[in-house]
$ cat input-v2.cif   # mmCIF, N, CA and C atoms
data_data
loop_
_atom_site.label_atom_id
_atom_site.label_comp_id
_atom_site.auth_asym_id
_atom_site.auth_seq_id
_atom_site.Cartn_x
_atom_site.Cartn_y
_atom_site.Cartn_z
N MET A 264 11.33 -5.25 -36.64
CA MET A 264 10.69 -4.93 -35.37
C MET A 264 11.78 -4.53 -34.38
N GLY A 265 11.61 -3.34 -33.83
CA GLY A 265 12.60 -2.82 -32.89
C GLY A 265 12.36 -3.32 -31.48
N ILE A 266 13.29 -3.02 -30.61
CA ILE A 266 13.21 -3.44 -29.20
C ILE A 266 12.00 -2.80 -28.51
N LYS A 267 11.68 -1.56 -28.90
CA LYS A 267 10.54 -0.87 -28.31
C LYS A 267 9.23 -1.58 -28.64
N ASP A 268 9.09 -2.02 -29.87
CA ASP A 268 7.88 -2.75 -30.27
C ASP A 268 7.80 -4.10 -29.57
N LYS A 269 8.94 -4.77 -29.40
CA LYS A 269 8.95 -6.07 -28.71
C LYS A 269 8.53 -5.91 -27.25
N CYS A 270 9.04 -4.87 -26.58
CA CYS A 270 8.67 -4.64 -25.18
C CYS A 270 7.21 -4.25 -25.06
N LYS A 271 6.72 -3.46 -26.00
CA LYS A 271 5.33 -3.03 -25.97
C LYS A 271 4.39 -4.22 -26.13
N SER A 272 4.71 -5.12 -27.03
CA SER A 272 3.85 -6.29 -27.22
C SER A 272 3.96 -7.24 -26.02
N PHE A 273 5.11 -7.29 -25.38
CA PHE A 273 5.28 -8.16 -24.21
C PHE A 273 4.45 -7.66 -23.03
N LEU A 274 4.44 -6.35 -22.81
CA LEU A 274 3.72 -5.78 -21.68
C LEU A 274 2.22 -5.71 -21.90
N CYS A 275 1.78 -5.58 -23.12
CA CYS A 275 0.37 -5.37 -23.42
C CYS A 275 -0.33 -6.63 -23.93
N LYS A 276 0.29 -7.78 -23.78
CA LYS A 276 -0.29 -9.00 -24.34
C LYS A 276 -1.56 -9.42 -23.60
N HIS A 277 -1.55 -9.38 -22.30
CA HIS A 277 -2.68 -9.85 -21.50
C HIS A 277 -3.40 -8.65 -20.89
N LYS A 278 -4.57 -8.35 -21.44
CA LYS A 278 -5.35 -7.23 -20.91
C LYS A 278 -6.53 -7.78 -20.13
N PRO A 279 -6.80 -7.20 -18.95
CA PRO A 279 -7.93 -7.69 -18.16
C PRO A 279 -9.27 -7.34 -18.82
N THR A 280 -10.23 -8.21 -18.61
CA THR A 280 -11.57 -7.95 -19.12
C THR A 280 -12.29 -6.99 -18.19
N GLU A 281 -13.45 -6.51 -18.61
CA GLU A 281 -14.23 -5.60 -17.77
C GLU A 281 -14.67 -6.29 -16.48
N ALA A 282 -14.99 -7.58 -16.54
CA ALA A 282 -15.39 -8.31 -15.34
C ALA A 282 -14.23 -8.41 -14.35
N GLN A 283 -13.02 -8.61 -14.87
CA GLN A 283 -11.86 -8.69 -14.00
C GLN A 283 -11.55 -7.33 -13.37
N LYS A 284 -11.72 -6.25 -14.14
CA LYS A 284 -11.51 -4.90 -13.60
C LYS A 284 -12.53 -4.60 -12.50
N THR A 285 -13.78 -4.98 -12.73
CA THR A 285 -14.83 -4.73 -11.73
C THR A 285 -14.56 -5.53 -10.46
N ALA A 286 -14.11 -6.78 -10.62
CA ALA A 286 -13.80 -7.60 -9.45
C ALA A 286 -12.62 -7.03 -8.68
N ALA A 287 -11.62 -6.51 -9.39
CA ALA A 287 -10.45 -5.94 -8.72
C ALA A 287 -10.83 -4.68 -7.94
N VAL A 288 -11.68 -3.84 -8.52
CA VAL A 288 -12.12 -2.62 -7.84
C VAL A 288 -12.98 -2.97 -6.62
N ALA A 289 -13.81 -3.99 -6.74
CA ALA A 289 -14.66 -4.40 -5.62
C ALA A 289 -13.84 -5.01 -4.49
N PHE A 290 -12.69 -5.57 -4.80
CA PHE A 290 -11.84 -6.21 -3.80
C PHE A 290 -10.97 -5.20 -3.04
N MET A 291 -10.80 -3.99 -3.54
CA MET A 291 -9.90 -3.01 -2.92
C MET A 291 -10.21 -2.71 -1.45
N PRO A 292 -11.46 -2.46 -1.05
CA PRO A 292 -11.71 -2.21 0.38
C PRO A 292 -11.35 -3.41 1.26
N SER A 293 -11.64 -4.60 0.79
CA SER A 293 -11.29 -5.80 1.56
C SER A 293 -9.79 -5.95 1.69
N ALA A 294 -9.08 -5.69 0.61
CA ALA A 294 -7.62 -5.78 0.65
C ALA A 294 -7.03 -4.74 1.59
N GLY A 295 -7.62 -3.54 1.59
CA GLY A 295 -7.13 -2.49 2.49
C GLY A 295 -7.33 -2.85 3.95
N PHE A 296 -8.51 -3.36 4.30
CA PHE A 296 -8.77 -3.76 5.68
C PHE A 296 -7.91 -4.95 6.09
N PHE A 297 -7.68 -5.87 5.17
CA PHE A 297 -6.82 -7.01 5.47
C PHE A 297 -5.40 -6.54 5.75
N GLY A 298 -4.90 -5.60 4.94
CA GLY A 298 -3.56 -5.06 5.16
C GLY A 298 -3.46 -4.32 6.48
N LEU A 299 -4.49 -3.54 6.82
CA LEU A 299 -4.49 -2.83 8.10
C LEU A 299 -4.51 -3.80 9.28
N ALA A 300 -5.30 -4.85 9.17
CA ALA A 300 -5.35 -5.85 10.23
C ALA A 300 -4.01 -6.56 10.36
N ALA A 301 -3.37 -6.84 9.25
CA ALA A 301 -2.04 -7.49 9.29
C ALA A 301 -1.02 -6.57 9.96
N LEU A 302 -1.06 -5.28 9.63
CA LEU A 302 -0.13 -4.33 10.23
C LEU A 302 -0.36 -4.21 11.74
N LEU A 303 -1.61 -4.11 12.16
CA LEU A 303 -1.90 -4.04 13.59
C LEU A 303 -1.50 -5.32 14.33
N THR A 304 -1.64 -6.46 13.68
CA THR A 304 -1.21 -7.72 14.28
C THR A 304 0.29 -7.74 14.47
N ILE A 305 1.02 -7.27 13.49
CA ILE A 305 2.49 -7.21 13.61
C ILE A 305 2.89 -6.27 14.74
N VAL A 306 2.23 -5.11 14.82
CA VAL A 306 2.54 -4.14 15.89
C VAL A 306 2.22 -4.75 17.25
N TYR A 307 1.11 -5.46 17.36
CA TYR A 307 0.70 -6.05 18.64
C TYR A 307 1.70 -7.11 19.10
N TYR A 308 2.09 -8.01 18.22
CA TYR A 308 2.96 -9.11 18.63
C TYR A 308 4.42 -8.70 18.78
N THR A 309 4.84 -7.63 18.13
CA THR A 309 6.24 -7.22 18.26
C THR A 309 6.43 -6.12 19.30
N ASP A 310 5.33 -5.59 19.85
CA ASP A 310 5.40 -4.49 20.83
C ASP A 310 6.23 -3.33 20.29
N TRP A 311 5.92 -2.89 19.10
CA TRP A 311 6.60 -1.80 18.45
C TRP A 311 6.15 -0.51 19.13
N LYS A 312 6.93 -0.05 20.11
CA LYS A 312 6.51 1.05 20.99
C LYS A 312 6.26 2.36 20.24
N ILE A 313 6.97 2.60 19.19
CA ILE A 313 6.78 3.86 18.45
C ILE A 313 5.38 3.93 17.88
N ILE A 314 4.88 2.83 17.35
CA ILE A 314 3.55 2.80 16.74
C ILE A 314 2.49 2.48 17.80
N ALA A 315 2.76 1.51 18.67
CA ALA A 315 1.77 1.08 19.65
C ALA A 315 1.44 2.18 20.66
N GLY A 316 2.31 3.15 20.82
CA GLY A 316 2.05 4.27 21.72
C GLY A 316 0.91 5.15 21.24
N TRP A 317 0.57 5.07 19.97
CA TRP A 317 -0.50 5.89 19.41
C TRP A 317 -1.83 5.16 19.34
N ILE A 318 -1.89 3.88 19.69
CA ILE A 318 -3.14 3.12 19.65
C ILE A 318 -3.89 3.38 20.95
N PRO A 319 -5.13 3.89 20.89
CA PRO A 319 -5.88 4.18 22.11
C PRO A 319 -6.09 2.92 22.96
N LEU A 320 -6.08 3.08 24.24
CA LEU A 320 -6.23 2.04 25.26
C LEU A 320 -5.04 1.09 25.33
N TYR A 321 -4.44 0.76 24.20
CA TYR A 321 -3.28 -0.13 24.21
C TYR A 321 -2.04 0.60 24.69
N ASN A 322 -2.01 1.92 24.51
CA ASN A 322 -0.82 2.67 24.91
C ASN A 322 -0.67 2.81 26.42
N THR A 323 -1.67 2.40 27.21
CA THR A 323 -1.53 2.45 28.67
C THR A 323 -0.58 1.36 29.17
N LYS A 324 -0.20 0.45 28.30
CA LYS A 324 0.73 -0.61 28.67
C LYS A 324 2.13 -0.05 28.93
N PHE A 325 2.46 1.03 28.27
CA PHE A 325 3.79 1.62 28.39
C PHE A 325 3.75 2.77 29.38
N PRO A 326 4.57 2.74 30.43
CA PRO A 326 4.55 3.83 31.41
C PRO A 326 5.09 5.13 30.80
N LYS A 327 4.49 6.23 31.20
CA LYS A 327 4.93 7.54 30.72
C LYS A 327 6.13 7.99 31.55
N PRO A 328 7.12 8.60 30.92
CA PRO A 328 8.25 9.12 31.69
C PRO A 328 7.79 10.28 32.57
N GLU A 329 8.27 10.29 33.81
CA GLU A 329 7.86 11.32 34.74
C GLU A 329 8.59 12.62 34.45
N ASP A 330 7.88 13.72 34.66
CA ASP A 330 8.47 15.04 34.46
C ASP A 330 9.33 15.36 35.69
N PRO A 331 10.60 15.72 35.51
CA PRO A 331 11.47 15.99 36.67
C PRO A 331 11.00 17.17 37.51
N LYS A 332 10.29 18.11 36.92
CA LYS A 332 9.80 19.26 37.68
C LYS A 332 8.71 18.84 38.65
N LYS A 333 7.86 17.91 38.26
CA LYS A 333 6.80 17.44 39.13
C LYS A 333 7.33 16.49 40.21
N ALA A 334 8.43 15.81 39.96
CA ALA A 334 8.99 14.86 40.91
C ALA A 334 9.61 15.58 42.12
N LYS A 335 10.03 16.81 41.97
CA LYS A 335 10.65 17.56 43.06
C LYS A 335 9.65 17.96 44.14
N LYS A 336 8.40 18.08 43.80
CA LYS A 336 7.41 18.56 44.77
C LYS A 336 7.09 17.54 45.78
#

$ encode --input "input-v2.cif" --output "structure tokens"
Amino acid sequence: MGIKDKCKSFLCKHKPTEAQKTAAVAFMPSAGFFGLAALLTIVYYTDWKIIAGWIPLYNTKFPKPEDPKKAKK
């Protein structure tokens, strides 16, 4: 038995059942929303200005730089 056969049997030993595959596919939207909520929580608590500047209503927290041409008038 060569190294290739040993690695193949090691990686393919535990195969998910159809019920496990169905449960994993059903969990994907929940996992995606959980990840998005976690990312937004990190942005909120760290005040990551690069990202938080693009969130509607929350971006009013950061003042916009004034245009020097308008300041002269």

$ atom_distance --input "input-v2.cif" --atom1 "atom C of Gly298 (chain A)" --atom2 "CA of Glu281 (chain A)"
26.6 Å

$ atom_distance --input "input-v2.cif" --atom1 "atom C of Lys278 (chain A)" --atom2 "CA of Leu299 (chain A)"
28.7 Å

$ axis_aligned_box --input "input-v2.cif" --around "region 301-316 of chain A" --padding-each-side "8 Å" --output "AutoDock Vina command-line options"
--center_x 1.8 --center_y -2.0 --center_z 15.5 --size_x 26.3 --size_y 30.3 --size_z 28.5

$ atom_distance --input "input-v2.cif" --atom1 "CA of Ile305 (chain A)" --atom2 "CA of Ile318 (chain A)"
13.2 Å
